[in-house]
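Colleague: mmCIF, C-alpha atoms, file run39.cif:
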data_run
loop_
_atom_site.label_atom_id
_atom_site.label_comp_id
_atom_site.auth_asym_id
_atom_site.auth_seq_id
_atom_site.Cartn_x
_atom_site.Cartn_y
_atom_site.Cartn_z
CA MET A 1 -11.72 22.65 4.72
CA ILE A 2 -8.97 20.07 5.22
CA THR A 3 -5.54 21.69 5.27
CA PHE A 4 -2.24 19.98 4.60
CA LYS A 5 -1.54 20.15 8.35
CA ASN A 6 -4.82 18.29 8.99
CA LEU A 7 -3.68 15.61 6.55
CA VAL A 8 -0.27 15.30 8.24
CA ASN A 9 -2.03 14.99 11.61
CA ALA A 10 -4.27 12.26 10.19
CA PHE A 11 -1.24 10.19 9.15
CA SER A 12 0.38 10.85 12.51
CA ASP A 13 -2.77 9.58 14.23
CA ILE A 14 -2.75 6.45 12.08
CA THR A 15 0.82 5.82 13.26
CA THR A 16 -0.16 6.35 16.90
CA ASN A 17 -3.08 3.92 16.60
CA HIS A 18 -1.28 1.22 14.62
CA TYR A 19 0.25 -1.43 16.87
CA GLN A 20 3.32 -2.01 14.68
CA LEU A 21 4.30 1.53 13.70
CA GLN A 22 6.71 3.09 16.17
CA LYS A 23 7.34 6.58 14.78
CA PHE A 24 5.97 9.14 12.35
CA LEU A 25 8.03 11.76 10.53
CA SER A 26 7.28 14.09 7.63
CA GLY A 27 9.37 16.25 5.33
CA GLU A 28 11.96 15.24 2.77
CA LEU A 29 13.09 11.60 2.88
CA SER A 30 16.67 12.68 2.22
CA GLU A 31 16.62 14.40 5.64
CA ILE A 32 16.30 11.11 7.53
CA ASP A 33 19.52 10.31 9.34
CA PRO A 34 19.40 6.62 10.33
CA GLU A 35 22.47 7.25 12.53
CA LYS A 36 20.24 9.28 14.86
CA LEU A 37 17.49 6.65 15.01
CA ASP A 38 17.60 3.37 16.87
CA GLN A 39 15.96 0.06 16.08
CA THR A 40 13.10 0.76 18.54
CA GLN A 41 11.81 3.54 16.25
CA PHE A 42 11.09 1.12 13.40
CA PRO A 43 8.98 0.34 11.54
CA MET A 44 8.14 3.99 10.94
CA MET A 45 5.87 5.90 8.61
CA PHE A 46 7.35 8.82 6.69
CA LEU A 47 5.19 11.30 4.80
CA GLN A 48 6.69 13.40 2.02
CA PRO A 49 4.58 16.12 0.36
CA ASN A 50 4.04 15.84 -3.36
CA ILE A 51 1.77 17.95 -5.58
CA ALA A 52 -1.56 19.51 -4.66
CA THR A 53 -4.23 20.11 -7.27
CA VAL A 54 -6.87 22.80 -6.76
CA ASP A 55 -10.18 22.36 -8.55
CA VAL A 56 -13.44 24.34 -8.32
CA ARG A 57 -14.92 22.36 -5.40
CA THR A 58 -12.12 20.00 -4.44
CA MET A 59 -8.43 19.91 -3.63
CA THR A 60 -6.34 16.80 -4.15
CA TYR A 61 -3.28 16.32 -1.98
CA SER A 62 -0.68 13.92 -3.30
CA VAL A 63 1.76 12.54 -0.74
CA ASP A 64 4.46 9.92 -0.82
CA ILE A 65 4.13 7.46 2.05
CA PHE A 66 7.10 5.37 3.12
CA ILE A 67 6.91 2.50 5.56
CA LEU A 68 10.51 2.03 6.68
CA THR A 69 12.45 -0.50 8.68
CA LEU A 70 16.11 -1.32 9.16
CA ILE A 71 17.87 -4.56 8.24
CA GLN A 72 21.45 -5.66 8.72
CA ASP A 73 24.23 -4.74 6.28
CA ASP A 74 24.34 -8.30 4.94
CA GLY A 75 20.67 -8.09 3.90
CA THR A 76 19.49 -10.59 6.50
CA GLY A 77 15.73 -10.41 6.91
CA ILE A 78 15.00 -8.38 3.79
CA ASP A 79 12.13 -10.65 2.65
CA ASP A 80 10.50 -10.49 6.09
CA SER A 81 10.95 -6.71 6.12
CA TYR A 82 9.37 -6.32 2.69
CA SER A 83 6.45 -8.50 3.74
CA GLU A 84 5.85 -6.68 7.04
CA THR A 85 6.17 -3.16 5.65
CA LEU A 86 3.84 -3.88 2.70
CA LEU A 87 1.19 -5.19 5.09
CA ILE A 88 1.51 -2.04 7.18
CA LEU A 89 1.24 0.15 4.07
CA LYS A 90 -1.93 -1.72 3.13
CA ASP A 91 -3.30 -0.96 6.63
CA VAL A 92 -2.65 2.76 6.12
CA ILE A 93 -4.43 2.69 2.76
CA ALA A 94 -7.33 0.72 4.27
CA GLU A 95 -7.74 3.34 6.99
CA PHE A 96 -8.50 5.99 4.37
CA ARG A 97 -10.60 3.64 2.26
CA GLN A 98 -12.76 2.69 5.24
CA ILE A 99 -12.78 6.11 6.84
CA MET A 100 -16.58 6.14 7.04
CA SER A 101 -16.85 2.73 8.72
CA SER A 102 -17.12 2.21 12.46
CA SER A 103 -13.88 0.18 12.38
CA SER A 104 -11.91 3.27 11.34
CA PHE A 105 -10.35 5.17 14.22
CA PHE A 106 -11.56 8.36 12.53
CA ALA A 107 -15.10 7.32 13.39
CA ASN A 108 -14.27 7.56 17.09
CA THR A 109 -11.97 10.56 17.36
CA SER A 110 -12.52 14.26 17.69
CA VAL A 111 -8.90 15.21 17.04
CA ASP A 112 -8.93 18.18 14.64
CA ALA A 113 -12.73 17.81 14.60
CA ARG A 114 -12.39 14.76 12.34
CA ARG A 115 -15.80 13.49 13.35
CA ASN A 116 -17.18 16.34 11.27
CA ASP A 117 -14.83 16.11 8.30
CA LYS A 118 -14.18 12.38 8.03
CA ASN A 119 -16.46 12.13 5.01
CA GLN A 120 -14.33 14.70 3.19
CA TYR A 121 -11.33 12.38 2.69
CA ILE A 122 -11.60 10.45 -0.60
CA ILE A 123 -8.60 8.31 -1.52
CA GLN A 124 -8.04 7.72 -5.22
CA PHE A 125 -7.44 4.16 -6.42
CA PRO A 126 -5.56 2.22 -7.72
CA ILE A 127 -2.40 2.80 -5.69
CA SER A 128 0.94 1.40 -6.82
CA CYS A 129 3.37 0.35 -4.09
CA ASP A 130 7.11 0.25 -4.76
CA PRO A 131 9.74 -1.65 -2.74
CA PHE A 132 13.00 0.11 -1.94
CA THR A 133 16.29 -0.34 -0.13
CA GLU A 134 18.54 2.63 0.59
CA ARG A 135 22.12 2.13 1.73
CA PHE A 136 23.14 4.09 4.81
CA SER A 137 25.14 2.59 7.68
CA ASN A 138 22.26 0.09 7.80
CA LEU A 139 19.82 -0.75 5.07
CA LEU A 140 16.67 1.38 5.20
CA THR A 141 14.11 -0.91 3.59
CA GLY A 142 10.37 -0.93 2.96
CA TRP A 143 7.64 0.14 0.60
CA SER A 144 6.46 3.48 -0.71
CA ALA A 145 3.30 4.65 -2.40
CA THR A 146 2.06 7.91 -3.82
CA ILE A 147 -1.39 8.47 -2.43
CA SER A 148 -3.83 11.08 -3.72
CA ILE A 149 -6.50 12.22 -1.30
CA GLN A 150 -9.34 14.44 -2.45
CA VAL A 151 -10.94 16.83 0.03
CA ASN A 152 -13.63 19.49 -0.18
CA ASN A 153 -12.34 22.89 -1.21
CA GLU A 154 -14.17 26.14 -0.59
CA ASN A 155 -12.40 27.89 -3.43
CA ASP A 156 -13.96 31.35 -3.37
CA LEU A 157 -13.05 34.89 -2.36
CA CYS A 158 -15.61 34.93 0.46
CA ASN A 159 -13.18 32.85 2.54
CA ALA A 160 -9.99 34.67 1.50
CA PRO A 161 -8.38 37.08 3.99
CA ILE A 162 -8.61 40.01 1.57
CA SER A 163 -9.65 43.54 2.43
CA THR A 164 -12.63 44.77 0.43
CA SER A 165 -12.10 48.45 1.21
#
Reformat the file's structure so that it appears as structure tokens.
Modeller:
Amino acid sequence: MITFKNLVNAFSDITTNHYQLQKFLSGELSEIDPEKLDQTQFPMMFLQPNIATVDVRTMTYSVDIFILTLIQDDGTGIDDSYSETLLILKDVIAEFRQIMSSSSFFANTSVDARRNDKNQYIIQFPISCDPFTERFSNLLTGWSATISIQVNNENDLCNAPISTS
């Protein structure tokens, strides 16, 4: 079964293997303090948990993905930043869409035994991507998307840590 931690690790691995992404963080977006980050840590991927839906044989994790970069206070470079971060977000989506192909890094990794569970990740389409700009001391700019990923779910009491005596 794919846990939420496995999913977080998968997004972290995508960040590690993507040539443009410099950092991965997860949690609540409001917790990001751009004052503590420098320009070398951008663009970054941020994962924020959303809802999870449990069904009889599947579980669907919904996560908000943010591809973030910094621009100057005067807005210089915002169009380039939007363009670059959207392309990176599309790469992240493509990784899950092509997870079974040999071009996916999942096909060649054993981290978290993903060679055995790579066929359990099913991304739900279509995905809407939203541009954003947040004002901090700099402008945190990029794109976000809510992504729903369906995984197998062994939803029965045989796997529950419950005493039968």
Colleague: Within 12 Å of (1.3, 20.4, -9.2) in the file's own coordinates, which protein, DNA or RNA residues have an atom, counting all atoms listed in the file? List them as a list in words.
Modeller: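 Protein, DNA and RNA residues close to (1.3, 20.4, -9.2): Pro49, Asn50, Ile51, Ala52, Thr53, Val54, Asp55, Met59, Thr60, Tyr61, Ser62, Val63 and Ser148 of chain A.
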Colleague: At what distance in Å, to one decimal, does CA of Thr69 in chain A lie from CA of Leu140 in chain A?
Modeller: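 Spanning CA of Leu140 in chain A to CA of Thr69 in chain A is a straight-line distance of 5.8 Å.
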Colleague: Between A:Ile123, A:Val8, A:Ile147, A:Leu139, which has the minimum distance to Asp74 in chain A (counting only C-alpha atoms)?
Modeller: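 When distances to Asp74 in chain A are compared using only C-alpha atoms, the smallest one comes from A:Leu139.
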Colleague: Could you pull out every residue with an atom within 6 Å of (-10.9, 18.8, -3.6), file coordinates, counting all atoms listed in the file, and send them as a list in words?
Modeller: Arg57, Thr58, Met59, Thr60, Gln150, Val151, Asn152 and Asn153 of chain A
Colleague: Which distance in Å separates CA of Met44 in chain A and CA of Thr15 in chain A, to one decimal?
Modeller: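 Taking CA of Met44 in chain A as the start and CA of Thr15 in chain A as the end point, the length is 7.9 Å.
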Colleague: Name the closest residue to Gln120 in chain A among the candidates A:Pro43, A:Tyr82, A:Leu7, A:Ile88; distances are taken between atoms, counting all atoms listed in the file.
Modeller: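 Closest to Gln120 in chain A of all the choices is A:Leu7.
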Colleague: Within 6 Å of Asp64 in chain A, counting only C-alpha atoms, which residues qualify if same-chain residues fewer than 4 places away don't, as a PDB file with C-alpha atoms, in the coordinates of the input?
Modeller:
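Result went into result-v4.pdb, see below:
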ATOM      1  CA  LEU A  47       5.190  11.300   4.800  1.00  0.00           C
ATOM      2  CA  GLN A  48       6.690  13.400   2.020  1.00  0.00           C
ATOM      3  CA  ALA A 145       3.300   4.650  -2.400  1.00  0.00           C
ATOM      4  CA  THR A 146       2.060   7.910  -3.820  1.00  0.00           C
TER       5      THR A 146
END
